[in-house]
Structure formats: structure tokens, C-alpha cells
file query_18.tsv (TSV, C-alpha atoms)
chain	number	residue	atom	x	y	z
A	1	MET	CA	55.48	158.53	65.29
A	2	THR	CA	59.09	157.91	64.38
A	3	ASP	CA	59.71	157.23	68.00
A	4	SER	CA	57.10	154.49	68.21
A	5	VAL	CA	58.19	152.91	64.94
A	6	GLU	CA	61.70	152.72	66.21
A	7	LYS	CA	60.52	151.16	69.42
A	8	GLN	CA	58.54	148.60	67.56
A	9	GLN	CA	61.47	147.71	65.41
A	10	THR	CA	63.78	147.11	68.30
A	11	ALA	CA	61.09	144.98	69.83
A	12	THR	CA	60.94	142.97	66.63
A	13	VAL	CA	64.62	142.30	66.60
A	14	GLU	CA	64.61	141.10	70.15
A	15	ASP	CA	61.50	139.04	70.13
A	16	VAL	CA	61.52	137.35	66.79
A	17	PRO	CA	63.04	134.14	68.15
A	18	GLU	CA	59.87	133.62	70.12
A	19	GLU	CA	57.46	134.69	67.47
A	20	VAL	CA	58.80	132.70	64.64
A	21	LEU	CA	57.40	133.56	61.31
A	22	ALA	CA	57.78	131.62	58.19
A	23	ALA	CA	56.83	132.97	54.85
A	24	ALA	CA	57.08	130.31	52.25
A	25	ASN	CA	56.59	131.18	48.68
A	26	THR	CA	57.15	129.76	45.27
A	27	GLU	CA	55.83	132.67	43.25
A	28	SER	CA	58.50	135.28	43.25
A	29	THR	CA	56.06	138.11	42.56
A	30	ASN	CA	54.46	137.67	45.93
A	31	VAL	CA	57.55	137.42	48.04
A	32	ASP	CA	57.80	141.08	48.91
A	33	GLU	CA	54.14	141.50	49.71
A	34	ILE	CA	54.03	138.48	51.90
A	35	ALA	CA	57.26	139.28	53.61
A	36	ALA	CA	55.94	142.75	54.35
A	37	ALA	CA	52.71	141.38	55.76
A	38	ALA	CA	54.58	138.86	57.82
A	39	GLU	CA	56.88	141.52	59.13
A	40	ALA	CA	53.96	143.73	60.06
A	41	ALA	CA	52.32	140.84	61.82
A	42	ALA	CA	55.46	139.93	63.64
A	43	ARG	CA	55.85	143.49	64.75
A	44	GLN	CA	52.37	143.43	66.17
A	45	ALA	CA	52.97	140.19	67.92
A	46	ALA	CA	56.33	141.33	69.21
A	47	ALA	CA	54.87	144.51	70.57
A	48	GLY	CA	52.73	142.36	72.81
A	49	GLY	CA	49.53	142.48	70.80
A	50	PRO	CA	47.77	139.30	69.75
A	51	ILE	CA	47.85	138.13	66.18
A	52	GLN	CA	44.16	138.83	66.08
A	53	ASP	CA	45.02	142.46	65.89
A	54	ARG	CA	42.82	144.20	63.38
A	55	ARG	CA	45.66	145.71	61.43
A	56	VAL	CA	47.20	142.32	60.80
A	57	ARG	CA	43.84	140.93	59.81
A	58	LYS	CA	43.47	143.76	57.38
A	59	ALA	CA	46.90	143.15	55.92
A	60	MET	CA	46.08	139.48	55.53
A	61	ASP	CA	42.77	140.31	53.88
A	62	LYS	CA	44.47	142.66	51.51
A	63	LEU	CA	46.65	139.82	50.32
A	64	LYS	CA	43.63	137.54	50.07
A	65	LEU	CA	45.19	135.12	52.45
A	66	LYS	CA	42.98	132.39	53.82
A	67	GLN	CA	43.31	131.09	57.31
A	68	ALA	CA	43.73	127.36	57.49
A	69	ASP	CA	41.70	125.64	60.20
A	70	ASN	CA	42.30	122.62	62.34
A	71	ILE	CA	46.07	122.69	62.40
A	72	SER	CA	47.40	121.57	65.72
A	73	MET	CA	51.11	121.54	65.09
A	74	ILE	CA	53.65	122.52	62.50
A	75	THR	CA	57.10	121.07	62.43
A	76	MET	CA	59.94	122.41	60.40
A	77	ARG	CA	63.27	120.83	59.96
A	78	ARG	CA	66.31	122.77	58.94
A	79	THR	CA	69.26	121.22	57.19
A	80	ASN	CA	71.44	121.59	60.26
A	81	GLY	CA	69.17	119.22	62.15
A	82	THR	CA	67.24	121.85	64.05
A	83	LEU	CA	63.58	121.07	64.53
A	84	PHE	CA	61.03	123.76	65.15
A	85	SER	CA	57.61	122.81	66.25
A	86	ILE	CA	54.81	125.26	66.69
A	87	GLN	CA	51.84	124.21	68.78
A	88	ASN	CA	48.42	125.58	67.85
A	89	PRO	CA	49.75	127.83	65.13
A	90	GLU	CA	47.77	130.34	63.17
A	91	VAL	CA	48.27	129.46	59.58
A	92	PHE	CA	47.47	131.60	56.59
A	93	HIS	CA	47.91	130.66	53.02
A	94	ASN	CA	47.50	132.11	49.63
A	95	PRO	CA	45.16	129.87	47.64
A	96	LYS	CA	46.69	130.90	44.36
A	97	SER	CA	50.18	129.85	45.23
A	98	SER	CA	51.70	127.52	47.73
A	99	SER	CA	52.63	130.23	50.16
A	100	TRP	CA	52.13	129.68	53.83
A	101	ILE	CA	52.52	132.02	56.76
A	102	VAL	CA	52.72	130.57	60.19
A	103	PHE	CA	52.40	132.38	63.49
A	104	GLY	CA	52.99	130.93	66.87
A	105	GLN	CA	55.46	130.18	69.58
A	106	ALA	CA	58.12	127.93	68.21
A	107	ARG	CA	59.74	125.34	70.34
A	108	MET	CA	63.09	124.06	69.34
A	109	ARG	CA	64.54	120.68	69.40
A	110	ASN	CA	67.88	120.30	67.82
A	111	SER	CA	70.92	118.17	67.67
A	112	ASN	CA	73.28	121.11	67.53
A	113	PRO	CA	74.35	121.76	71.13
A	114	GLN	CA	75.86	125.13	70.32
A	115	LEU	CA	72.63	126.40	68.86
A	116	SER	CA	70.49	125.08	71.66
A	117	GLN	CA	72.77	126.76	74.15
A	118	LEU	CA	72.42	130.01	72.29
A	119	LEU	CA	68.66	129.67	72.26
A	120	GLN	CA	68.58	128.99	75.96
A	121	GLN	CA	70.57	132.13	76.54
A	122	LEU	CA	68.16	134.02	74.38
A	123	GLN	CA	65.18	132.80	76.29
A	124	GLU	CA	66.71	133.90	79.54
A	125	ASN	CA	67.89	137.21	78.22
A	126	PRO	CA	66.24	138.24	74.94
A	127	GLY	CA	68.25	141.46	74.81
A	128	ALA	CA	71.45	139.54	74.26
A	129	LEU	CA	70.48	138.73	70.71
A	130	GLY	CA	72.19	141.71	69.11
A	131	ALA	CA	75.53	140.75	70.60
A	132	GLY	CA	75.24	137.00	70.27
A	133	PRO	CA	76.91	135.11	67.47
A	134	GLY	CA	74.76	133.80	64.67
A	135	SER	CA	72.00	136.23	65.58
A	136	ASP	CA	70.80	136.44	62.04
A	137	GLU	CA	70.23	132.72	62.06
A	138	VAL	CA	67.39	132.72	64.47
A	139	PRO	CA	64.52	134.42	62.66
A	140	ILE	CA	63.47	132.01	60.02
A	141	ALA	CA	62.12	132.90	56.66
A	142	VAL	CA	61.55	129.75	54.74
A	143	GLU	CA	61.43	130.31	51.06
A	144	SER	CA	61.31	126.86	49.64
A	145	GLY	CA	57.54	126.64	49.59
A	146	LYS	CA	56.23	123.18	48.99
A	147	GLY	CA	59.53	121.52	49.79
A	148	LYS	CA	59.07	121.78	53.53
A	149	GLU	CA	55.57	120.50	53.48
A	150	THR	CA	56.31	117.53	51.32
A	151	GLU	CA	59.38	116.62	53.27
A	152	LYS	CA	57.29	116.36	56.37
A	153	ASN	CA	54.70	114.26	54.64
A	154	ASP	CA	57.23	111.90	53.14
A	155	ASP	CA	58.48	111.16	56.59
A	156	GLU	CA	55.18	110.41	58.16
A	157	ASP	CA	53.03	108.96	55.45
A	158	GLU	CA	55.39	106.63	53.71
A	159	GLU	CA	54.24	103.08	54.16
A	160	VAL	CA	57.11	100.77	54.82
A	161	ASP	CA	57.19	97.04	54.80
A	162	GLU	CA	58.23	95.99	58.28
A	163	THR	CA	58.29	92.27	57.78
A	164	GLY	CA	61.29	90.57	59.26
A	165	ILE	CA	62.09	93.46	61.55
A	166	SER	CA	61.16	93.29	65.20
A	167	ALA	CA	59.08	96.10	66.64
A	168	GLU	CA	61.58	96.39	69.46
A	169	ASN	CA	64.40	97.11	67.08
A	170	ILE	CA	62.36	99.72	65.26
A	171	ALA	CA	61.48	101.45	68.51
A	172	LEU	CA	65.09	101.31	69.61
A	173	VAL	CA	66.41	102.83	66.39
A	174	MET	CA	63.72	105.50	66.41
A	175	GLU	CA	64.62	106.44	69.95
A	176	GLN	CA	68.38	106.34	69.56
A	177	ALA	CA	68.58	107.98	66.17
A	178	ASN	CA	65.66	110.30	66.84
A	179	CYS	CA	64.02	109.60	63.51
A	180	SER	CA	60.70	108.58	62.01
A	181	ARG	CA	59.46	105.03	61.88
A	182	ALA	CA	59.87	104.87	58.11
A	183	LYS	CA	63.47	106.01	58.35
A	184	ALA	CA	64.20	103.57	61.15
A	185	VAL	CA	62.81	100.63	59.17
A	186	LYS	CA	64.73	101.67	56.08
A	187	GLY	CA	67.90	102.09	58.09
A	188	ILE	CA	67.56	98.66	59.69
A	189	LYS	CA	67.00	97.07	56.31
A	190	GLU	CA	70.00	98.77	54.81
A	191	ALA	CA	72.14	97.62	57.72
A	192	ASP	CA	70.90	94.06	57.30
A	193	ASN	CA	69.18	94.02	60.70
A	194	ASP	CA	72.24	95.26	62.51
A	195	VAL	CA	70.73	97.90	64.78
A	196	VAL	CA	74.09	99.30	65.79
A	197	THR	CA	75.03	100.01	62.19
A	198	ALA	CA	71.53	101.30	61.48
A	199	ILE	CA	71.75	103.84	64.27
A	200	MET	CA	75.26	104.78	63.26
A	201	ASN	CA	74.16	105.44	59.70
A	202	LEU	CA	71.17	107.46	60.80
A	203	THR	CA	73.11	109.60	63.25
A	204	ALA	CA	76.29	110.08	61.25
B	1	MET	CA	111.21	100.72	40.70
B	2	SER	CA	109.64	98.13	42.85
B	3	LEU	CA	107.12	98.77	45.54
B	4	LYS	CA	106.65	96.12	48.11
B	5	ALA	CA	103.34	95.87	49.86
B	6	GLU	CA	105.07	95.13	53.15
B	7	ASP	CA	106.92	98.41	53.02
B	8	MET	CA	103.82	100.45	52.51
B	9	GLY	CA	102.06	101.87	55.51
B	10	ASN	CA	98.43	102.81	55.53
B	11	MET	CA	97.43	106.33	54.76
B	12	PRO	CA	97.09	108.12	58.08
B	13	GLU	CA	93.78	109.66	56.96
B	14	ILE	CA	92.32	106.25	56.30
B	15	GLU	CA	93.48	104.98	59.65
B	16	LYS	CA	91.91	107.95	61.34
B	17	GLN	CA	88.67	107.38	59.53
B	18	TRP	CA	88.61	103.82	60.66
B	19	ALA	CA	89.12	104.97	64.23
B	20	VAL	CA	86.25	107.41	63.93
B	21	VAL	CA	83.90	104.75	62.61
B	22	ALA	CA	85.03	102.24	65.20
B	23	MET	CA	84.54	104.72	68.03
B	24	HIS	CA	81.15	105.68	66.68
B	25	HIS	CA	80.18	102.03	66.57
B	26	ALA	CA	81.41	101.44	70.11
B	27	GLU	CA	79.62	104.48	71.48
B	28	THR	CA	76.41	103.64	69.69
B	29	TYR	CA	76.48	100.09	70.95
B	30	TYR	CA	77.10	101.16	74.51
B	31	LYS	CA	74.27	103.66	74.34
B	32	ILE	CA	71.94	100.90	73.22
B	33	LEU	CA	73.03	98.76	76.14
B	34	GLN	CA	72.29	101.65	78.48
B	35	ALA	CA	68.92	102.22	76.89
B	36	MET	CA	67.67	98.65	76.90
B	37	ASP	CA	68.30	95.27	78.47
B	38	GLY	CA	70.78	93.38	76.34
B	39	LYS	CA	68.64	90.27	76.66
B	40	ASN	CA	66.12	91.80	74.29
B	41	LEU	CA	68.68	93.02	71.83
B	42	LYS	CA	69.18	91.37	68.49
B	43	LEU	CA	72.36	92.32	66.71
B	44	THR	CA	71.92	90.32	63.52
B	45	LYS	CA	69.33	88.19	61.80
B	46	ILE	CA	71.23	85.10	62.81
B	47	ASP	CA	72.09	85.73	66.45
B	48	ASP	CA	71.17	82.18	67.47
B	49	GLU	CA	73.22	80.59	64.74
B	50	ILE	CA	76.28	82.64	65.63
B	51	TYR	CA	75.82	81.92	69.31
B	52	GLU	CA	75.57	78.13	68.89
B	53	HIS	CA	78.46	78.04	66.48
B	54	PHE	CA	80.63	80.14	68.79
B	55	LYS	CA	79.82	78.00	71.83
B	56	LYS	CA	80.71	74.88	69.92
B	57	MET	CA	83.97	76.17	68.49
B	58	PHE	CA	85.25	78.21	71.42
B	59	PRO	CA	83.74	76.69	74.56
B	60	GLU	CA	86.73	77.80	76.63
B	61	ILE	CA	86.24	81.53	76.07
B	62	ASP	CA	84.84	83.30	79.10
B	63	VAL	CA	82.79	86.18	77.75
B	64	THR	CA	82.60	87.99	81.08
B	65	GLU	CA	86.32	88.65	80.89
B	66	LEU	CA	88.19	88.03	77.67
B	67	ASN	CA	91.74	86.89	77.49
B	68	GLU	CA	93.75	88.36	74.66
B	69	LYS	CA	95.44	84.99	74.25
B	70	ASP	CA	92.19	83.63	72.85
B	71	PHE	CA	92.35	86.16	70.05
B	72	LYS	CA	95.85	87.39	69.43
B	73	THR	CA	98.19	84.39	69.40
B	74	PRO	CA	99.00	82.81	66.03
B	75	GLU	CA	97.18	79.63	67.09
B	76	ALA	CA	94.08	81.52	68.12
B	77	LYS	CA	94.10	83.49	64.90
B	78	ALA	CA	94.36	80.28	62.92
B	79	ARG	CA	91.31	78.94	64.70
B	80	TRP	CA	89.31	82.10	64.28
B	81	ARG	CA	90.05	82.57	60.60
B	82	PRO	CA	87.87	79.79	59.17
B	83	PHE	CA	85.16	80.62	61.70
B	84	ILE	CA	85.07	84.25	60.65
B	85	ASN	CA	85.16	83.44	56.97
B	86	GLU	CA	82.01	81.36	57.27
B	87	TYR	CA	80.10	84.58	57.84
B	88	GLU	CA	81.48	86.33	54.81
B	89	ASN	CA	78.12	86.45	53.08
B	90	LYS	CA	75.87	86.11	56.08
B	91	VAL	CA	76.81	89.15	58.10
B	92	LYS	CA	77.47	92.65	56.89
B	93	ASP	CA	81.00	93.93	57.48
B	94	PHE	CA	81.93	90.50	58.88
B	95	ASN	CA	85.62	91.34	58.71
B	96	TYR	CA	85.46	94.97	59.73
B	97	GLY	CA	87.67	96.12	62.57
B	98	THR	CA	85.57	96.68	65.66
B	99	LEU	CA	86.23	97.62	69.24
B	100	LEU	CA	85.33	95.02	71.83
B	101	ARG	CA	85.09	95.37	75.57
B	102	ILE	CA	87.33	92.98	77.47
B	103	ARG	CA	85.14	92.82	80.59
B	104	ALA	CA	81.41	92.65	80.09
B	105	ASP	CA	80.70	94.89	83.08
B	106	GLY	CA	82.86	97.79	81.94
B	107	ASP	CA	82.53	100.66	79.50
B	108	TYR	CA	84.75	101.17	76.47
B	109	THR	CA	87.69	102.53	78.45
B	110	GLU	CA	91.28	102.46	77.33
B	111	ASP	CA	92.23	99.41	79.36
B	112	ASN	CA	88.95	97.60	78.72
B	113	THR	CA	88.98	97.74	74.94
B	114	MET	CA	90.58	95.51	72.39
B	115	PHE	CA	90.54	95.18	68.67
B	116	ALA	CA	88.50	92.45	67.01
B	117	THR	CA	86.64	91.74	63.82
B	118	ARG	CA	82.93	92.37	63.54
B	119	THR	CA	82.21	88.66	63.61
B	120	GLN	CA	84.15	88.27	66.85
B	121	PHE	CA	82.30	91.25	68.26
B	122	TYR	CA	79.02	89.54	67.43
B	123	CYS	CA	80.12	86.26	69.02
B	124	ILE	CA	81.09	87.86	72.28
B	125	GLU	CA	78.35	90.42	72.54
B	126	ILE	CA	75.55	88.07	71.49
B	127	SER	CA	76.73	85.65	74.17
B	128	ARG	CA	76.89	88.42	76.76
B	129	ASN	CA	73.43	89.60	75.82
B	130	LYS	CA	71.90	86.15	75.89
B	131	LEU	CA	73.48	85.27	79.20
B	132	GLY	CA	72.46	88.60	80.72
B	133	TYR	CA	75.97	89.86	81.39
B	134	ASN	CA	75.12	93.12	79.68
B	135	SER	CA	71.89	93.65	81.57
B	136	PRO	CA	73.49	95.48	84.55
B	137	ILE	CA	74.68	98.25	82.21
B	138	CYS	CA	71.08	99.13	81.52
B	139	GLN	CA	70.10	99.15	85.18
B	140	LYS	CA	73.16	101.16	86.12
B	141	LYS	CA	71.74	104.16	84.36
call {"tool": "encode", "arguments": {"input": "query_18.tsv", "output": "C-alpha cells"}}
result
Amino acid sequence: MTDSVEKQQTATVEDVPEEVLAAANTESTNVDEIAAAAEAAARQAAAGGPIQDRRVRKAMDKLKLKQADNISMITMRRTNGTLFSIQNPEVFHNPKSSSWIVFGQARMRNSNPQLSQLLQQLQENPGALGAGPGSDEVPIAVESGKGKETEKNDDEDEEVDETGISAENIALVMEQANCSRAKAVKGIKEADNDVVTAIMNLTA
Amino acid sequence: MSLKAEDMGNMPEIEKQWAVVAMHHAETYYKILQAMDGKNLKLTKIDDEIYEHFKKMFPEIDVTELNEKDFKTPEAKARWRPFINEYENKVKDFNYGTLLRIRADGDYTEDNTMFATRTQFYCIEISRNKLGYNSPICQKK
């Protein structure tokens, strides 16, 4: 038994970058429970088993977590500019709090070349994680709860008045600064229609 | 104790910061030119106004290849000054130091870059964009 547990744990350490888990919680009482469930689930996933594994289901049930349907993608942005997006994630949440647990294969897009290089290395050789620098950075446990969700929504839902700004300029700024439409429009306005300054401000 | 303004240099940190911003501006602008045809690029709200005004005031300037004499001599500076000041409230950072490419077909290399104000940058680059001199940069990519 100890043998298999140990094996599973090493598998977790190596494979977590691929099976990104995010446990977001605002109620401190639940943090440990959820983290434990998430860890168990990640272990299952890392060991090669699907998330649908009965033991994970049971753990989720025990915590009264509900699965959220019809979610096609989850994007998370970290402060260092890294973007994670998870296609077809399995999302669980606790209806009593704003805790969310997300399972899936995370893809990374980031503006930090060092980090992306590291991740590429990891993908080619997952075993290198233990030796690599910043290894404890890769598994993500988001603990800011609602914050992440609302940040995403702010970006996408905000209606912005685009009068006086050409669609071409907006597209250009979005492409060059790699930002949302709302941010591009705001940036162009702040720069008084000077796209160069707008992009500079958004990429600085 | 008297301090004379002429004797005072600029703080090296401030100078460096200017250089960083100016380089960032230059790089960003060149990236835009690589990403899209300059003909479709609008740099300010009043591109047309600047262009017409510039053509009228400095018809002799060849924007494909600039001559420093048109910018750096005392006479040239005297001609530019009132022109630039007209944009004080019309264009953001009208007087801000900006890097300008001497030849329209070249990148911001050491021997192809000169110092200008933002208004001068607009004059030259708007003209280059309108006349299509910047278009090859996009196709080069």
C-alpha cells in the first residue's frame, strides 16, 4: 500500500502541470476539504485514470459539489501575464460558497518567454520538473475565489462606446497588445487616437 | 549660492527613461508597420490636417530620405518651432522626443535613426503612410 501511495505521489508531482487544478475558495473553513478533494482527484487523473473515476465522484459527492454543465472553456490570467485556458473542462462548484474546482488539460499562453520555455521543456520531459527552477510555480491553486471570475467577465462583457474610433485601429491594437476589445478601445481613447501610444501603454 | 540652469545636466536616470520610452515607441511603431499596410494606418485624429499643413510649410522635404539639415540647423529649427507649437493642444505629447527613421525603407537602425519631436514624427510618418512609402515594410515580412 505504502508503495502504491508513494508511486501515486511522484506521479502527481510530475504530471500536475498537465492536469491543472484550481481550487478557488472564499470560505476559509472549506479550504482544506476542497484542497484535499482536489488533490485526490488530481492524483487519480495523474495516475492515468479519468476524472470520472468513482472515487473522485464519491469525494465530490461528499463535499456536496455540483458539476456545472455547458462550460466550453475556462481562462485564467495570472498577474505575471500568463494565460491558462482549459478546453472542455470539468467544473465543480460548491453552491454554498463561491468555490470552483476545475479539471482539464490547461494550455498556456504567456508573455513571459522564460516561463514558456520552461513549460515547453516540461512537456517534452515531464521528469525534469523536480530539478527545474520555479517548479513550485507550475501547479496552480487559485484562492481568490470570485476575483478571477469577475475579472474575466469585466473584460468581455463591458460595453464600450466605440464612436470615433476606427474598427481597423481597434483590431490592430487588440492584435498588437494582445488584449480584449474593451481594453483596446479604452487604450485608444486614453492615447487620444494615437495607436502607437495606445499599444505602448497596453504592453508596457 | 547660485545655480545656473545652463550648468545643470539632466539626471542620468531620467535620460535613460526617456530612451526606454523612445525605443519602445519606435519598436511598437515598426511592428505596426510590419503588421499592416501603412496606407490604412491612422496615427492621430487629425492626420489629414497635419499632412496638408506639413506639405504647405515644408514642400522641399523628401520623406523617403530625410536630410538632417531640414531639422537641425538653426534656420530649420526656427521654421519648425511655430509649426510644432500649433499642435500643442491638438496632439498628445506634441513636443515629446521621438525617434524617426531617416530613410522610409529602413528599420530603426543606428545610422537610420534621428531625433525629432512627436509632431515632426507625425508629419513625416503620416506622409510616408499616405504616399505608400511604408507599405513595402509590411510586405517584406
call {"tool": "residues_around", "arguments": {"input": "query_18.tsv", "residues": "range 60-72 of chain B", "least_positions_apart": "5", "cutoff": "8 Å", "atoms": "all atoms listed in the file", "output": "PyMOL selection string"}}
result
chain B and resi 77+80+102-105+116+124+127-128+133
call {"tool": "write_last_selection", "arguments": {"input": "query_18.tsv", "atoms": "C-alpha atoms", "output": "PDB file, in the coordinates of the input"}}
result
ATOM      1  CA  LYS B  77      94.100  83.490  64.900  1.00  0.00           C
ATOM      2  CA  TRP B  80      89.310  82.100  64.280  1.00  0.00           C
ATOM      3  CA  ILE B 102      87.330  92.980  77.470  1.00  0.00           C
ATOM      4  CA  ARG B 103      85.140  92.820  80.590  1.00  0.00           C
ATOM      5  CA  ALA B 104      81.410  92.650  80.090  1.00  0.00           C
ATOM      6  CA  ASP B 105      80.700  94.890  83.080  1.00  0.00           C
ATOM      7  CA  ALA B 116      88.500  92.450  67.010  1.00  0.00           C
ATOM      8  CA  ILE B 124      81.090  87.860  72.280  1.00  0.00           C
ATOM      9  CA  SER B 127      76.730  85.650  74.170  1.00  0.00           C
ATOM     10  CA  ARG B 128      76.890  88.420  76.760  1.00  0.00           C
ATOM     11  CA  TYR B 133      75.970  89.860  81.390  1.00  0.00           C
TER      12      TYR B 133
END
call {"tool": "atom_distance", "arguments": {"input": "query_18.tsv", "atom1": "CA of Lys42 in chain B", "atom2": "CA of Glu15 in chain B"}}
result
29.2 Å
call {"tool": "closest_residue", "arguments": {"input": "query_18.tsv", "among": "B:Met11, B:Val21, B:Ala76, B:Leu33", "to": "Ser135 in chain B", "atoms": "only C-alpha atoms"}}
result
B:Leu33
call {"tool": "residues_around", "arguments": {"input": "query_18.tsv", "residues": "Asn70 in chain A", "least_positions_apart": "4", "cutoff": "10 Å", "atoms": "all atoms listed in the file", "output": "PyMOL selection string"}}
result
chain A and resi 88-91
call {"tool": "write_last_selection", "arguments": {"input": "query_18.tsv", "atoms": "C-alpha atoms", "output": "PDB file, in the coordinates of the input"}}
result
ATOM      1  CA  ASN A  88      48.420 125.580  67.850  1.00  0.00           C
ATOM      2  CA  PRO A  89      49.750 127.830  65.130  1.00  0.00           C
ATOM      3  CA  GLU A  90      47.770 130.340  63.170  1.00  0.00           C
ATOM      4  CA  VAL A  91      48.270 129.460  59.580  1.00  0.00           C
TER       5      VAL A  91
END
call {"tool": "closest_atom_pairs", "arguments": {"input": "query_18.tsv", "of": "chain B", "to": "chain A", "cutoff": "9 Å", "atoms": "all atoms listed in the file", "output": "Markdown table"}}
result
| residue | atom | partner | partner_atom | distance |
| --- | --- | --- | --- | --- |
| B:Val21 | CA | A:Met200 | CA | 8.7 |
| B:His24 | CA | A:Met200 | CA | 6.9 |
| B:His25 | CA | A:Met200 | CA | 6.5 |
| B:Ala26 | CA | A:Val196 | CA | 8.8 |
| B:Thr28 | CA | A:Val196 | CA | 6.3 |
| B:Tyr29 | CA | A:Val196 | CA | 5.7 |
| B:Lys31 | CA | A:Gln176 | CA | 8.0 |
| B:Ile32 | CA | A:Gln176 | CA | 7.5 |
| B:Ala35 | CA | A:Leu172 | CA | 8.3 |
| B:Met36 | CA | A:Leu172 | CA | 8.2 |
| B:Asn40 | CA | A:Glu168 | CA | 8.1 |
| B:Leu41 | CA | A:Asn169 | CA | 7.6 |
| B:Lys42 | CA | A:Asn169 | CA | 7.6 |
| B:Leu43 | CA | A:Asp194 | CA | 5.1 |
| B:Thr44 | CA | A:Asp194 | CA | 5.1 |
| B:Lys45 | CA | A:Asn193 | CA | 5.9 |
| B:Val91 | CA | A:Asp192 | CA | 7.7 |
| B:Lys92 | CA | A:Asp192 | CA | 6.7 |
call {"tool": "closest_residue", "arguments": {"input": "query_18.tsv", "among": "B:Asn10, B:Thr73, B:Asn134, B:Asn85", "to": "Gly106 in chain B", "atoms": "only C-alpha atoms"}}
result
B:Asn134
call {"tool": "atom_distance", "arguments": {"input": "query_18.tsv", "atom1": "CA of Phe115 in chain B", "atom2": "CA of Tyr96 in chain B"}}
result
10.3 Å
call {"tool": "atom_distance", "arguments": {"input": "query_18.tsv", "atom1": "CA of Ile170 in chain A", "atom2": "CA of Lys183 in chain A"}}
result
9.4 Å
call {"tool": "residues_around", "arguments": {"input": "query_18.tsv", "residues": "Glu162 in chain A", "least_positions_apart": "4", "cutoff": "10 Å", "atoms": "all atoms listed in the file", "output": "list in words"}}
result
Ser166, Ala167, Ile170, Arg181, Ala182, Val185, Lys186, Ile188 and Lys189 of chain A
